[in-house]
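Structure data (compact mmCIF, C-alpha atoms) from final_34.txt:
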# COMPACT_ATOMS: atom_id res chain seq x y z
CA MET A 1 0.00 0.00 0.00
CA LEU A 2 2.76 2.40 0.97
CA LEU A 3 4.68 1.52 -2.20
CA THR A 4 1.59 2.30 -4.28
CA ILE A 5 1.19 5.72 -2.66
CA VAL A 6 4.86 6.55 -3.13
CA SER A 7 4.74 5.45 -6.77
CA PHE A 8 1.68 7.57 -7.39
CA LEU A 9 3.34 10.64 -5.85
CA VAL A 10 6.49 10.11 -7.91
CA LEU A 11 4.47 9.74 -11.11
CA TYR A 12 2.47 12.85 -10.26
CA LEU A 13 5.62 14.90 -9.65
CA VAL A 14 7.20 13.66 -12.87
CA HIS A 15 4.02 14.54 -14.77
CA LYS A 16 3.98 18.03 -13.26
CA LEU A 17 7.66 18.62 -14.05
CA VAL A 18 7.34 17.43 -17.64
CA SER A 19 4.15 19.44 -18.19
CA SER A 20 5.80 22.51 -16.67
CA GLN A 21 8.80 22.22 -18.99
CA ILE A 22 6.58 21.76 -22.06
CA ASN A 23 4.45 24.75 -21.11
CA THR A 24 7.53 26.84 -20.35
CA ARG A 25 8.93 26.16 -23.83
CA ARG A 26 5.57 27.07 -25.38
CA TYR A 27 5.35 30.29 -23.37
CA LYS A 28 8.89 31.28 -24.35
CA ALA A 29 8.17 30.64 -28.02
CA GLU A 30 4.93 32.61 -27.87
CA ALA A 31 6.62 35.46 -26.02
CA ALA A 32 9.45 35.62 -28.56
CA GLY A 33 6.94 35.69 -31.41
CA ARG A 34 5.24 38.68 -29.79
CA GLY A 35 8.53 40.51 -29.20
CA CYS A 36 8.30 40.12 -25.42
CA LEU A 37 11.04 39.75 -22.81
CA PRO A 38 10.64 38.20 -19.34
CA ALA A 39 10.07 40.32 -16.23
CA PRO A 40 12.46 39.99 -13.25
CA THR A 41 11.74 37.21 -10.76
CA LEU A 42 11.11 37.55 -7.02
CA HIS A 43 12.65 34.32 -5.75
CA SER A 44 11.73 32.51 -2.56
CA ASN A 45 14.27 31.75 0.13
CA ASN A 46 13.65 28.01 0.32
CA PHE A 47 13.55 25.00 -1.99
CA LEU A 48 9.76 24.62 -2.12
CA GLY A 49 9.24 28.25 -3.04
CA VAL A 50 6.75 29.00 -0.28
CA SER A 51 8.73 31.51 1.79
CA ARG A 52 7.13 34.46 -0.04
CA LEU A 53 3.69 33.04 0.55
CA ARG A 54 4.48 32.51 4.23
CA ASP A 55 5.84 36.05 4.63
CA THR A 56 2.81 37.51 2.84
CA ILE A 57 0.42 35.70 5.19
CA ARG A 58 2.36 36.91 8.24
CA ALA A 59 2.40 40.50 6.98
CA THR A 60 -1.33 40.39 6.23
CA LYS A 61 -2.12 39.12 9.73
CA ALA A 62 -0.05 42.01 11.10
CA ASN A 63 -2.00 44.47 8.88
CA ARG A 64 1.13 45.25 6.90
CA GLY A 65 0.40 43.39 3.68
CA PRO A 66 0.71 46.42 1.34
CA GLN A 67 3.96 47.55 2.97
CA TYR A 68 5.44 44.05 2.68
CA MET A 69 4.59 43.90 -1.01
CA LEU A 70 6.39 47.22 -1.60
CA THR A 71 9.42 46.06 0.39
CA ALA A 72 9.58 42.75 -1.50
CA MET A 73 9.48 44.49 -4.87
CA ASN A 74 12.24 46.85 -3.77
CA GLU A 75 14.41 43.83 -2.97
CA VAL A 76 14.55 43.09 -6.69
CA GLY A 77 15.26 46.72 -7.55
CA LYS A 78 14.09 50.20 -6.64
CA ASP A 79 13.10 50.81 -10.25
CA VAL A 80 11.43 47.39 -10.76
CA HIS A 81 7.64 47.67 -10.88
CA THR A 82 6.71 44.40 -12.62
CA LEU A 83 7.95 40.96 -11.64
CA ARG A 84 7.18 37.25 -11.59
CA VAL A 85 6.65 35.33 -8.34
CA PRO A 86 6.96 31.51 -8.60
CA ILE A 87 5.23 29.56 -5.81
CA LEU A 88 5.20 25.73 -5.78
CA GLY A 89 5.37 25.49 -9.56
CA TYR A 90 2.73 28.16 -10.01
CA GLU A 91 3.53 31.70 -11.08
CA LEU A 92 1.99 35.05 -10.21
CA LEU A 93 2.54 38.29 -12.06
CA VAL A 94 2.79 41.41 -9.89
CA THR A 95 2.77 44.88 -11.42
CA SER A 96 2.49 48.38 -10.01
CA ASP A 97 3.33 49.98 -13.35
CA PRO A 98 0.54 52.44 -14.29
CA GLU A 99 0.96 51.65 -18.00
CA ASN A 100 0.34 47.95 -17.41
CA VAL A 101 -2.62 48.68 -15.14
CA LYS A 102 -4.18 51.00 -17.71
CA ALA A 103 -3.71 48.34 -20.38
CA MET A 104 -5.53 45.77 -18.25
CA LEU A 105 -8.37 47.99 -17.11
CA LEU A 106 -8.97 49.95 -20.30
CA THR A 107 -7.40 49.12 -23.63
CA GLU A 108 -7.41 45.33 -23.26
CA SER A 109 -10.78 44.81 -21.54
CA ALA A 110 -13.90 45.20 -23.67
CA ASP A 111 -16.12 44.16 -20.74
CA TYR A 112 -14.67 46.91 -18.56
CA ASP A 113 -15.12 49.46 -21.33
CA HIS A 114 -18.78 48.50 -21.67
CA SER A 115 -19.39 48.79 -17.93
CA ARG A 116 -17.59 52.13 -17.78
CA ALA A 117 -19.58 53.48 -20.74
CA LEU A 118 -22.84 52.42 -19.09
CA VAL A 119 -22.26 53.79 -15.58
CA ARG A 120 -19.93 56.76 -15.92
CA PRO A 121 -22.32 59.15 -17.77
CA GLN A 122 -24.79 58.81 -14.90
CA PHE A 123 -22.32 60.40 -12.49
CA SER A 124 -22.29 63.94 -13.79
CA LYS A 125 -21.93 66.60 -11.09
CA ASP A 126 -25.47 67.84 -11.54
CA GLU A 127 -26.93 64.38 -11.02
CA ILE A 128 -25.07 63.22 -7.91
CA SER A 129 -24.85 66.51 -6.00
CA ASN A 130 -27.81 65.77 -3.74
CA ILE A 131 -26.62 67.49 -0.57
CA ASP A 132 -29.98 67.07 1.16
CA LEU A 133 -29.80 63.29 0.78
CA ILE A 134 -26.31 63.17 2.29
CA ASP A 135 -27.29 65.59 5.07
CA ARG A 136 -30.22 63.44 6.20
CA HIS A 137 -27.92 60.50 6.80
CA PHE A 138 -25.24 62.73 8.29
CA GLN A 139 -27.72 63.98 10.88
CA ALA A 140 -28.41 60.34 11.77
CA LEU A 141 -24.64 59.83 12.12
CA LEU A 142 -24.48 62.69 14.60
CA ARG A 143 -27.31 61.17 16.63
CA THR A 144 -25.42 57.86 16.89
CA SER A 145 -22.59 59.69 18.70
CA LYS A 146 -24.40 61.51 21.50
CA THR A 147 -22.59 64.19 23.47
CA GLY A 148 -22.57 64.67 27.23
CA ASP A 149 -23.06 67.77 29.34
CA GLU A 150 -19.72 69.22 28.20
CA LYS A 151 -20.54 68.58 24.51
CA TRP A 152 -18.01 65.77 24.21
CA THR A 153 -18.84 62.26 23.11
CA PRO A 154 -17.65 59.27 25.12
CA ARG A 155 -14.85 57.23 23.60
CA LEU A 156 -16.23 55.41 20.57
CA ASP A 157 -15.12 53.58 17.43
CA LEU A 158 -15.91 55.82 14.46
CA GLN A 159 -15.06 53.34 11.72
CA PRO A 160 -18.22 51.17 11.87
CA LEU A 161 -20.34 54.32 12.17
CA PHE A 162 -18.78 55.68 8.98
CA PHE A 163 -19.59 52.43 7.17
CA TYR A 164 -23.23 52.58 8.33
CA PHE A 165 -23.46 56.21 7.19
CA SER A 166 -21.99 55.52 3.75
CA LEU A 167 -24.19 52.42 3.32
CA ASP A 168 -27.34 54.41 4.07
CA ALA A 169 -26.42 57.22 1.68
CA VAL A 170 -25.29 55.04 -1.21
CA THR A 171 -28.29 52.69 -1.10
CA GLU A 172 -30.70 55.62 -1.29
CA SER A 173 -28.76 57.12 -4.19
CA LEU A 174 -28.63 53.78 -6.02
CA TYR A 175 -32.11 52.45 -5.39
CA GLY A 176 -34.19 55.38 -4.14
CA GLN A 177 -34.46 53.78 -0.70
CA SER A 178 -32.01 53.53 2.16
CA VAL A 179 -31.32 50.51 4.36
CA GLU A 180 -31.37 52.94 7.31
CA SER A 181 -28.80 50.94 9.21
CA GLN A 182 -28.18 53.94 11.47
CA ALA A 183 -31.86 54.00 12.40
CA ALA A 184 -31.51 50.39 13.51
CA ILE A 185 -28.59 51.39 15.75
CA LEU A 186 -30.62 54.23 17.26
CA GLY A 187 -33.59 51.97 17.84
CA ILE A 188 -35.85 54.09 15.62
CA GLU A 189 -38.99 52.51 14.21
CA LYS A 190 -38.52 51.60 10.57
CA THR A 191 -40.01 54.07 8.12
CA LEU A 192 -42.00 53.59 4.95
CA ASN A 193 -38.87 54.43 2.96
CA ARG A 194 -36.66 51.84 4.60
CA ILE A 195 -35.41 48.62 3.04
CA ASP A 196 -36.18 45.63 5.24
CA ASP A 197 -33.11 44.14 6.92
CA ALA A 198 -30.37 46.57 7.91
CA ALA A 199 -27.81 43.77 7.43
CA PHE A 200 -28.33 44.27 3.68
CA ALA A 201 -24.63 44.43 2.82
CA HIS A 202 -23.91 41.03 4.38
CA HIS A 203 -26.68 39.07 2.65
CA LEU A 204 -26.02 38.83 -1.05
CA ASP A 205 -29.08 36.74 -1.83
CA LYS A 206 -31.36 39.30 -0.20
CA THR A 207 -29.51 42.04 -2.01
CA LYS A 208 -30.05 40.38 -5.38
CA HIS A 209 -33.72 39.84 -4.57
CA PHE A 210 -34.07 43.48 -3.57
CA VAL A 211 -32.53 44.80 -6.79
CA ASN A 212 -34.64 42.47 -8.92
CA LYS A 213 -37.80 43.51 -7.05
CA HIS A 214 -37.11 47.21 -7.51
CA ARG A 215 -36.29 46.70 -11.18
CA THR A 216 -39.61 44.84 -11.69
CA ASN A 217 -41.63 47.35 -9.70
CA GLY A 218 -40.08 50.19 -11.65
CA ALA A 219 -41.08 48.58 -14.94
CA GLN A 220 -44.65 47.84 -13.81
CA ASN A 221 -45.24 51.16 -12.05
CA PRO A 222 -43.32 53.80 -13.96
CA LEU A 223 -43.40 57.29 -12.50
CA SER A 224 -43.79 60.34 -14.64
CA THR A 225 -40.85 62.71 -14.91
CA GLU A 226 -42.64 65.19 -12.66
CA GLU A 227 -43.42 62.56 -10.03
CA LYS A 228 -39.83 61.34 -9.97
CA ALA A 229 -38.50 64.87 -9.67
CA ALA A 230 -40.83 65.50 -6.76
CA SER A 231 -40.00 62.27 -4.92
CA ARG A 232 -36.24 61.94 -5.42
CA LYS A 233 -33.58 63.77 -7.36
CA PHE A 234 -31.49 60.97 -8.83
CA VAL A 235 -31.62 57.18 -8.62
CA LEU A 236 -28.92 55.23 -10.44
CA LEU A 237 -31.11 52.17 -11.03
CA ASP A 238 -33.71 54.30 -12.83
CA ALA A 239 -31.03 55.98 -14.95
CA LEU A 240 -29.38 52.69 -15.93
CA ALA A 241 -32.76 51.18 -16.79
CA LYS A 242 -33.02 53.74 -19.58
CA GLU A 243 -29.85 52.28 -21.11
CA THR A 244 -30.48 48.55 -20.67
CA GLN A 245 -33.34 46.23 -19.68
CA ASP A 246 -31.03 43.35 -18.75
CA THR A 247 -31.86 42.61 -15.10
CA LEU A 248 -28.58 40.76 -14.48
CA GLU A 249 -26.55 43.64 -15.85
CA LEU A 250 -28.52 46.19 -13.83
CA ARG A 251 -27.99 44.15 -10.70
CA ASN A 252 -24.26 43.68 -11.30
CA GLU A 253 -23.59 47.34 -12.07
CA THR A 254 -25.50 48.67 -9.06
CA LEU A 255 -23.98 46.11 -6.68
CA HIS A 256 -20.46 46.97 -7.89
CA THR A 257 -21.22 50.64 -7.29
CA LEU A 258 -22.70 49.80 -3.88
CA VAL A 259 -19.54 48.04 -2.73
CA ALA A 260 -17.31 50.85 -4.02
CA GLY A 261 -19.51 53.57 -2.54
CA ARG A 262 -19.90 51.98 0.86
CA ASP A 263 -16.43 50.51 1.45
CA ALA A 264 -14.27 53.20 -0.13
CA THR A 265 -16.19 56.11 1.40
CA GLY A 266 -16.33 54.57 4.87
CA ALA A 267 -12.63 53.69 4.79
CA LEU A 268 -11.66 57.17 3.56
CA LEU A 269 -13.61 58.82 6.38
CA GLY A 270 -11.98 56.54 8.93
CA TRP A 271 -8.45 57.20 7.69
CA LYS A 272 -9.09 60.92 7.39
CA PHE A 273 -10.15 61.27 11.01
CA TYR A 274 -7.32 58.98 12.12
CA LEU A 275 -4.77 61.27 10.46
CA LEU A 276 -6.45 64.52 11.46
CA ALA A 277 -6.22 63.46 15.11
CA ARG A 278 -2.45 63.23 14.62
CA HIS A 279 -2.09 66.47 12.66
CA PRO A 280 -3.89 69.22 14.58
CA ALA A 281 -2.52 71.99 12.35
CA ILE A 282 -4.22 70.42 9.32
CA PHE A 283 -7.42 69.98 11.31
CA ASP A 284 -7.37 73.63 12.36
CA LYS A 285 -6.83 74.84 8.81
CA MET A 286 -9.62 72.66 7.41
CA ARG A 287 -12.02 73.74 10.15
CA SER A 288 -11.19 77.39 9.50
CA ILE A 289 -12.00 76.97 5.80
CA ILE A 290 -15.31 75.27 6.57
CA VAL A 291 -16.37 77.85 9.17
CA ASN A 292 -15.46 80.78 6.92
CA GLU A 293 -17.24 79.30 3.92
CA PHE A 294 -20.30 77.68 5.49
CA GLY A 295 -20.61 78.99 9.05
CA VAL A 296 -21.01 77.00 12.26
CA ASP A 297 -24.70 76.08 12.07
CA ASN A 298 -25.40 72.39 11.69
CA VAL A 299 -27.55 72.85 8.59
CA SER A 300 -26.96 72.23 4.90
CA LYS A 301 -28.83 75.17 3.40
CA ASN A 302 -25.60 77.06 2.67
CA ILE A 303 -23.74 74.03 1.35
CA THR A 304 -23.68 73.28 -2.36
CA PHE A 305 -21.72 70.80 -4.40
CA HIS A 306 -19.91 73.58 -6.26
CA LYS A 307 -18.92 75.35 -3.03
CA LEU A 308 -17.54 72.11 -1.65
CA ARG A 309 -15.52 71.51 -4.80
CA ALA A 310 -14.17 75.04 -4.52
CA CYS A 311 -12.52 74.23 -1.17
CA GLU A 312 -9.26 73.20 -2.82
CA TYR A 313 -7.26 72.58 0.35
CA ILE A 314 -9.85 70.09 1.59
CA GLN A 315 -9.80 68.35 -1.80
CA TRP A 316 -6.01 68.15 -1.64
CA ALA A 317 -6.17 66.69 1.86
CA LEU A 318 -8.65 64.00 0.83
CA ASN A 319 -6.65 63.14 -2.30
CA GLU A 320 -3.47 62.81 -0.27
CA VAL A 321 -5.11 60.44 2.20
CA ILE A 322 -6.33 58.30 -0.71
CA ARG A 323 -2.80 58.22 -2.11
CA PHE A 324 -0.91 57.77 1.11
CA VAL A 325 -2.92 54.95 2.68
CA ALA A 326 -4.27 53.39 -0.55
CA ILE A 327 -7.94 52.88 0.33
CA ALA A 328 -7.96 49.77 -1.89
CA PRO A 329 -4.34 48.60 -1.44
CA MET A 330 -4.55 45.52 -3.68
CA ASN A 331 -6.40 44.62 -6.85
CA GLU A 332 -6.13 41.60 -9.08
CA ARG A 333 -7.09 40.26 -12.46
CA THR A 334 -6.92 36.90 -14.25
CA ALA A 335 -5.89 36.72 -17.89
CA LEU A 336 -8.74 35.30 -19.99
CA ARG A 337 -6.46 34.66 -22.95
CA ASP A 338 -2.80 34.83 -23.94
CA THR A 339 -1.93 38.51 -24.20
CA THR A 340 0.80 41.07 -23.47
CA SER A 341 1.44 44.00 -21.16
CA PRO A 342 3.33 47.01 -22.51
CA ARG A 343 6.21 47.27 -20.00
CA GLY A 344 8.29 45.43 -17.44
CA GLY A 345 10.38 43.05 -19.54
CA GLY A 346 14.09 42.99 -20.22
CA PRO A 347 17.03 44.44 -18.27
CA ASP A 348 15.71 48.00 -18.53
CA GLY A 349 12.06 47.09 -17.90
CA VAL A 350 10.75 48.84 -21.01
CA SER A 351 10.01 45.79 -23.18
CA PRO A 352 6.53 44.21 -23.33
CA ILE A 353 5.94 41.05 -21.31
CA PHE A 354 3.98 37.94 -22.24
CA VAL A 355 0.91 37.27 -20.06
CA ARG A 356 -0.30 33.71 -20.44
CA LYS A 357 -3.90 32.63 -20.15
CA CYS A 358 -5.19 31.96 -16.59
CA ILE A 359 -2.26 33.63 -14.81
CA ARG A 360 -3.25 35.77 -11.82
CA ILE A 361 -2.05 39.37 -11.91
CA LEU A 362 -1.74 41.23 -8.63
CA ILE A 363 -1.88 45.04 -8.69
CA PRO A 364 -0.43 46.49 -5.46
CA THR A 365 -2.06 49.91 -5.57
CA TYR A 366 -0.21 50.90 -2.41
CA GLY A 367 3.11 50.31 -4.15
CA MET A 368 2.02 52.27 -7.22
CA GLN A 369 1.04 55.22 -5.04
CA HIS A 370 4.41 55.12 -3.25
CA TRP A 371 6.74 55.06 -6.24
CA ALA A 372 9.91 56.71 -4.98
CA ASP A 373 10.71 58.28 -8.35
CA ILE A 374 7.24 59.88 -8.51
CA TRP A 375 6.46 60.82 -4.91
CA LYS A 376 10.02 61.13 -3.60
CA GLU A 377 10.15 62.52 -0.06
CA ARG A 378 6.37 62.50 0.38
CA ASN A 379 6.55 58.82 1.26
CA ARG A 380 8.87 59.37 4.21
CA SER A 381 6.27 60.96 6.45
CA ALA A 382 2.68 62.14 6.51
CA THR A 383 3.49 65.77 7.23
CA SER A 384 1.99 68.89 5.77
CA VAL A 385 3.32 71.10 3.03
CA GLU A 386 1.22 74.18 3.63
CA GLY A 387 -0.33 75.96 0.68
CA SER A 388 0.53 73.20 -1.76
CA PRO A 389 -1.45 70.27 -3.17
CA GLU A 390 1.53 68.02 -2.50
CA GLY A 391 1.84 66.40 0.90
CA VAL A 392 -1.17 68.02 2.59
CA ILE A 393 -1.23 65.11 5.02
Conversion result in structure tokens:
Amino acid sequence: MLLTIVSFLVLYLVHKLVSSQINTRRYKAEAAGRGCLPAPTLHSNNFLGVSRLRDTIRATKANRGPQYMLTAMNEVGKDVHTLRVPILGYELLVTSDPENVKAMLLTESADYDHSRALVRPQFSKDEISNIDLIDRHFQALLRTSKTGDEKWTPRLDLQPLFFYFSLDAVTESLYGQSVESQAAILGIEKTLNRIDDAAFAHHLDKTKHFVNKHRTNGAQNPLSTEEKAASRKFVLLDALAKETQDTLELRNETLHTLVAGRDATGALLGWKFYLLARHPAIFDKMRSIIVNEFGVDNVSKNITFHKLRACEYIQWALNEVIRFVAIAPMNERTALRDTTSPRGGGPDGVSPIFVRKCIRILIPTYGMQHWADIWKERNRSATSVEGSPEGVI
């Protein structure tokens, strides 16, 4: 029995080695025919090739995954932004080169282009600048953090509150109704305009059912233009339904926007307050701008989308937080067919590289936003450069 198992394992390993060599020859021939050169390799420190995987898992558990990825790439070379990572006979492609990322997301992805063409026109400034909608949910956010006699809140964790706030606002903008998750926290009776189940974001089946139901109801009970204008300013689902009647596509596009709107916005708010607490001078300057422009009253009547956009320093501060912490530090794609990426191959890294079908491509956004030759000294600390868009935080 033992001999049979050993024989099977040996045969399996031989098969894998032979198959790997055959495939490697085919990949090299295909790459040469396309004028490609190989990218540098990030080698493991042991025979099995799992040391990089082990180190990545450790760094992720320590909440330092993005920083480890940047450090590992710098081991190969400070100017290396695309490399191969072999692990147990499998190979990953890692690139933080903006040209390669653009090629993957735009020029070489017809599906992405279609999605972008469908959704992007709906997000004009005039359509999404519904300050009243945002203010309603912001007022609920304030009520979840009650103040004491001295107008200070007790110690509390802001991050989950920011996620509840962004979830409420984005669901109303997308579907015309909010999940009112903050109302559930406050113990408020559910309203006629509330989606059942405040745990909406964690129940995909219920989410799909909800989108399908609203799509069907919208088709069976269409509102006139005047009625829609009176009831709500802009609903993405309604706008997309004018472009396509495919329920699956409508569901996918709105759910993708939901995840981006809830997660990215909530994370940005959390990081912004985290950094402001450590940079009081930046906080004071931002508060001064807000008070001078909008006053101190807790009302939105003086706030407009255009006035907010005109507060350049605040825009710079938000952009710098997005860059510095990388709200979405890692992205990935899988090649659907044999293709190429424009840069990263050869000794100088300027030759195209061959990307074989089914290979996973990791995009460390954090590394791309910390390129030393682009950002230089801004990566060394999160300090302010007053009066300049660079290094606000």
Q: May I ask for the distance between atom CA of A:Thr265 and atom CA of A:Ser173, given in Å to one decimal place?
A: 13.8 Å
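For the point (12.9, 44.6, -19.2), the residues with at least one atom inside 10 Å, counting all atoms listed in the file, are Cys36, Leu37, Pro38, Ala39, Pro40, Val80, Thr82, Leu83, Arg343, Gly344, Gly345, Gly346, Pro347, Asp348, Gly349, Val350, Ser351, Pro352 and Ile353 of chain A.
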Q. In Å, how far is it from atom CA of A:Gly266 to atom CA of A:Val94?
A.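 Those two atoms sit 27.5 Å apart.
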Q. Just how far from atom CA of A:Ala183 is atom CA of A:Thr304, in Å to one decimal?
A.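 Computing the Euclidean distance for atom CA of A:Thr304 and atom CA of A:Ala183 yields 25.6 Å.
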(Q) Residues near stretch 90-93 of chain A, anyone? I mean within 9 Å using all atoms listed in the file, not counting same-chain ones fewer than 4 positions away, as a list in words. (A)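 Residues meeting the cut-off are Ala39, Thr82, Leu83, Arg84, Val85, Pro86, Val355, Ile359, Arg360, Ile361, Leu362 and Ile363 of chain A.
Using all atoms listed in the file for every distance, the candidate list A:Thr365, A:Ser341, A:Ser51, A:Asn302 yields A:Thr365 as the residue closest to A:Ala326.
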Q.
I want to know what sits within 9 Å of A:Thr339, based on only C-alpha atoms, with residues of the same chain fewer than 4 positions away left out; could you give that as a VMD selection string?
A. chain A and resid 108 335 353 to 357
